[in-house]
Amino acid sequence: MTLGADIPGGGPLYCPCCGLPLDPGRKRFDVSFELPDPVRDLTEEERARRVVGERPLIAVRNMGDFVRVLLTARLTGGYEFVFGCWIGVPADEFEQARKIWNAPEYSQLVLHGRLANEIRPWTGMLGAPLTARPRAEDELPYVEASDDPQLQRVLEEAWPHSEIWQSWSWLFAPPKTENSKAG
Ligand SMILES: [Zn+2]
């Protein structure tokens with residue numbers, strides 16, 4: 001996929017290996033998980049019955065409590081993917097988070113949770129234990145560390161951009177119009 005790579009006069013350039021847009025003005029790509037995986041897997045009817053609260057803090061009857069967090073993966077070339085995802089947290093931490101979410105004490109929040117989304121292209125991270133805490137008062141907490149070796153590597157290493165991009169490029173494909181000559 002080398003869309004635009006040969007546009008004279010400098011349109012957007014795309015990486016010849018994988019199609020990542022090589023745009024110095026766009027180094028960050030956001031991917032949003034709307035629900036924790038086990039909640040997404042419920043029927044709509046069950047969700048309506050069991051989910052209490054709203055994003056970014058939801059309690060699910062007979063399942064557990066979930067908080068939305070950010071997981072940042074650095075890519076080669078200075079790019080980054082920011083995954084808005086969910087973690088399952090103990091009931092007391094959930095209560096505490098709810099209480100101080102919009103208070104100055106939010107900056108002191110520490111969550112000890114488990115990852116509640118499987119995040120491609122990695123596998124086996126669902127349920128990985130982790131620590132998350134806020135970096136800024138107007139942002140979700142960030143996943144900072146994990147005892148799971150794979151998740152810790154995701155947090156620490158710079159990943160080959162093609163692996164990550166190929167898993168998520170469909171989210172960022174340039175919109176195609178009906179009148180495009182390309183069909
Ligand atoms: Zn590439």
# chains A, B, ... in the order shown; residues from 1 in each chain; ligands from 1
$ residues_near_ligand --ligand "ligand 1" --cutoff "8 Å" --atoms "only C-alpha atoms and all ligand atoms" --output "list in words"
Tyr14, Cys15, Pro16, Cys17, Cys18, Gly19, Leu20, His161, Ser162 and Trp165 of chain A
$ write_last_selection --atoms "N, CA and C atoms" --output "tab-separated table (two decimals), in the first residue's frame"
chain	number	residue	atom	x	y	z
A	14	TYR	N	3.38	7.90	2.28
A	14	TYR	CA	3.06	6.72	3.05
A	14	TYR	C	4.24	5.77	3.05
A	15	CYS	N	4.46	5.10	4.15
A	15	CYS	CA	5.57	4.18	4.26
A	15	CYS	C	5.40	3.05	3.25
A	16	PRO	N	6.41	2.82	2.42
A	16	PRO	CA	6.28	1.77	1.41
A	16	PRO	C	6.15	0.37	2.01
A	17	CYS	N	6.59	0.17	3.25
A	17	CYS	CA	6.52	-1.18	3.81
A	17	CYS	C	5.13	-1.51	4.32
A	18	CYS	N	4.39	-0.51	4.79
A	18	CYS	CA	3.13	-0.85	5.45
A	18	CYS	C	2.02	0.16	5.22
A	19	GLY	N	2.30	1.33	4.67
A	19	GLY	CA	1.24	2.30	4.42
A	19	GLY	C	1.02	3.32	5.52
A	20	LEU	N	1.82	3.27	6.58
A	20	LEU	CA	1.71	4.27	7.63
A	20	LEU	C	1.92	5.67	7.04
A	161	HIS	N	6.89	-0.18	13.60
A	161	HIS	CA	5.60	0.48	13.34
A	161	HIS	C	4.71	-0.35	12.42
A	162	SER	N	5.31	-1.16	11.52
A	162	SER	CA	4.47	-1.88	10.56
A	162	SER	C	3.55	-2.88	11.26
A	165	TRP	N	0.74	-0.82	12.88
A	165	TRP	CA	-0.05	-0.13	11.87
A	165	TRP	C	-0.95	-1.11	11.11
$ residues_around --residues "Arg68 in chain A" --least-positions-apart "3" --cutoff "6 Å" --atoms "only C-alpha atoms" --output "PyMOL selection string"
chain A and resi 56+85-86
$ closest_residue --among "A:Gly88, A:Gly64, A:Gly124, A:Gly77" --to "Lys27 in chain A" --atoms "only C-alpha atoms"
A:Gly77
$ residues_around --residues "range 141-149 of chain A" --least-positions-apart "3" --cutoff "12 Å" --atoms "only C-alpha atoms" --output "VMD selection string"
chain A and resid 56 to 57 67 to 73 82 to 87 97 101 106 to 115 122 124 to 138 152 to 157
$ write_last_selection --atoms "C-alpha atoms" --output "PDB file, in the first residue's frame"
ATOM      1  CA  PRO A  56     -15.369   6.052  31.951  1.00  0.00           C
ATOM      2  CA  LEU A  57     -16.569   4.272  35.118  1.00  0.00           C
ATOM      3  CA  VAL A  67     -12.325   2.095  34.635  1.00  0.00           C
ATOM      4  CA  ARG A  68     -11.200   3.537  31.323  1.00  0.00           C
ATOM      5  CA  VAL A  69      -7.477   4.210  31.002  1.00  0.00           C
ATOM      6  CA  LEU A  70      -4.869   5.059  28.380  1.00  0.00           C
ATOM      7  CA  LEU A  71      -2.224   2.634  27.221  1.00  0.00           C
ATOM      8  CA  THR A  72       0.557   4.172  25.168  1.00  0.00           C
ATOM      9  CA  ALA A  73       2.716   2.156  22.792  1.00  0.00           C
ATOM     10  CA  VAL A  82      -2.679   5.549  22.346  1.00  0.00           C
ATOM     11  CA  PHE A  83      -5.242   2.913  23.240  1.00  0.00           C
ATOM     12  CA  GLY A  84      -8.259   4.099  25.198  1.00  0.00           C
ATOM     13  CA  CYS A  85      -9.093   0.847  26.940  1.00  0.00           C
ATOM     14  CA  TRP A  86     -10.557  -0.633  30.104  1.00  0.00           C
ATOM     15  CA  ILE A  87      -9.212  -2.214  33.246  1.00  0.00           C
ATOM     16  CA  ALA A  97     -12.027   6.581  41.794  1.00  0.00           C
ATOM     17  CA  TRP A 101     -12.752  11.590  39.700  1.00  0.00           C
ATOM     18  CA  TYR A 106      -7.739  12.775  41.368  1.00  0.00           C
ATOM     19  CA  SER A 107      -4.012  13.353  40.797  1.00  0.00           C
ATOM     20  CA  GLN A 108      -3.296  11.030  43.751  1.00  0.00           C
ATOM     21  CA  LEU A 109      -5.382   8.177  42.337  1.00  0.00           C
ATOM     22  CA  VAL A 110      -3.615   4.836  41.941  1.00  0.00           C
ATOM     23  CA  LEU A 111      -5.407   1.894  40.359  1.00  0.00           C
ATOM     24  CA  HIS A 112      -4.299  -1.720  40.558  1.00  0.00           C
ATOM     25  CA  GLY A 113      -6.261  -3.438  37.862  1.00  0.00           C
ATOM     26  CA  ARG A 114      -6.293  -6.018  35.141  1.00  0.00           C
ATOM     27  CA  LEU A 115      -6.414  -5.260  31.447  1.00  0.00           C
ATOM     28  CA  TRP A 122      -0.252  -8.536  20.944  1.00  0.00           C
ATOM     29  CA  GLY A 124      -2.402 -12.950  25.856  1.00  0.00           C
ATOM     30  CA  MET A 125      -2.552  -9.604  27.656  1.00  0.00           C
ATOM     31  CA  LEU A 126      -6.235  -9.826  28.603  1.00  0.00           C
ATOM     32  CA  GLY A 127      -6.261  -9.983  32.409  1.00  0.00           C
ATOM     33  CA  ALA A 128      -2.661  -8.786  32.782  1.00  0.00           C
ATOM     34  CA  PRO A 129      -2.123  -7.101  36.166  1.00  0.00           C
ATOM     35  CA  LEU A 130      -1.132  -3.455  35.984  1.00  0.00           C
ATOM     36  CA  THR A 131      -0.853  -0.159  37.781  1.00  0.00           C
ATOM     37  CA  ALA A 132      -2.440   2.996  36.365  1.00  0.00           C
ATOM     38  CA  ARG A 133      -2.346   6.584  37.530  1.00  0.00           C
ATOM     39  CA  PRO A 134      -3.202  10.019  36.173  1.00  0.00           C
ATOM     40  CA  ARG A 135      -0.541  12.207  34.567  1.00  0.00           C
ATOM     41  CA  ALA A 136      -2.807  15.211  34.110  1.00  0.00           C
ATOM     42  CA  GLU A 137      -6.000  16.237  35.843  1.00  0.00           C
ATOM     43  CA  ASP A 138      -8.023  16.401  32.622  1.00  0.00           C
ATOM     44  CA  GLN A 152       5.645  -4.402  30.465  1.00  0.00           C
ATOM     45  CA  ARG A 153       7.448  -4.778  27.118  1.00  0.00           C
ATOM     46  CA  VAL A 154       4.596  -2.979  25.359  1.00  0.00           C
ATOM     47  CA  LEU A 155       5.044  -0.090  27.784  1.00  0.00           C
ATOM     48  CA  GLU A 156       8.828   0.039  27.505  1.00  0.00           C
ATOM     49  CA  GLU A 157       9.873  -0.781  23.978  1.00  0.00           C
TER      50      GLU A 157
END
$ select_by_dssp --residues "range 11-150 of chain A" --states "helix (DSSP H, G or I)" --output "ChimeraX atom specification"
/A:37-40,44-50,76-78,91-100,104-108,149-150
$ closest_residue --among "A:Met63, A:Leu22, A:Ile119, A:Ile58" --to "Leu42 in chain A" --atoms "only C-alpha atoms"
A:Met63
$ closest_residue --among "A:Gln150, A:Gln96, A:Gln166, A:Ser32" --to "Pro121 in chain A" --atoms "only C-alpha atoms"
A:Gln166
$ closest_residue --among "A:Asn102, A:Trp168, A:Glu93, A:Gly53" --to "Glu139 in chain A" --atoms "only C-alpha atoms"
A:Asn102
$ atom_distance --atom1 "CA of Ala91 in chain A" --atom2 "CA of Asp65 in chain A"
6.4 Å
$ closest_residue --among "A:Asp23, A:Glu95, A:Asp30, A:Glu118" --to "Glu80 in chain A" --atoms "only C-alpha atoms"
A:Asp30
$ atom_distance --atom1 "CA of Leu13 in chain A" --atom2 "CA of Glu163 in chain A"
18.5 Å
$ closest_residue --among "A:Pro36, A:Pro24, A:Gly78, A:Pro104" --to "Phe66 in chain A" --atoms "only C-alpha atoms"
A:Pro36
$ atom_distance --atom1 "CA of Arg55 in chain A" --atom2 "CA of Arg40 in chain A"
13.2 Å
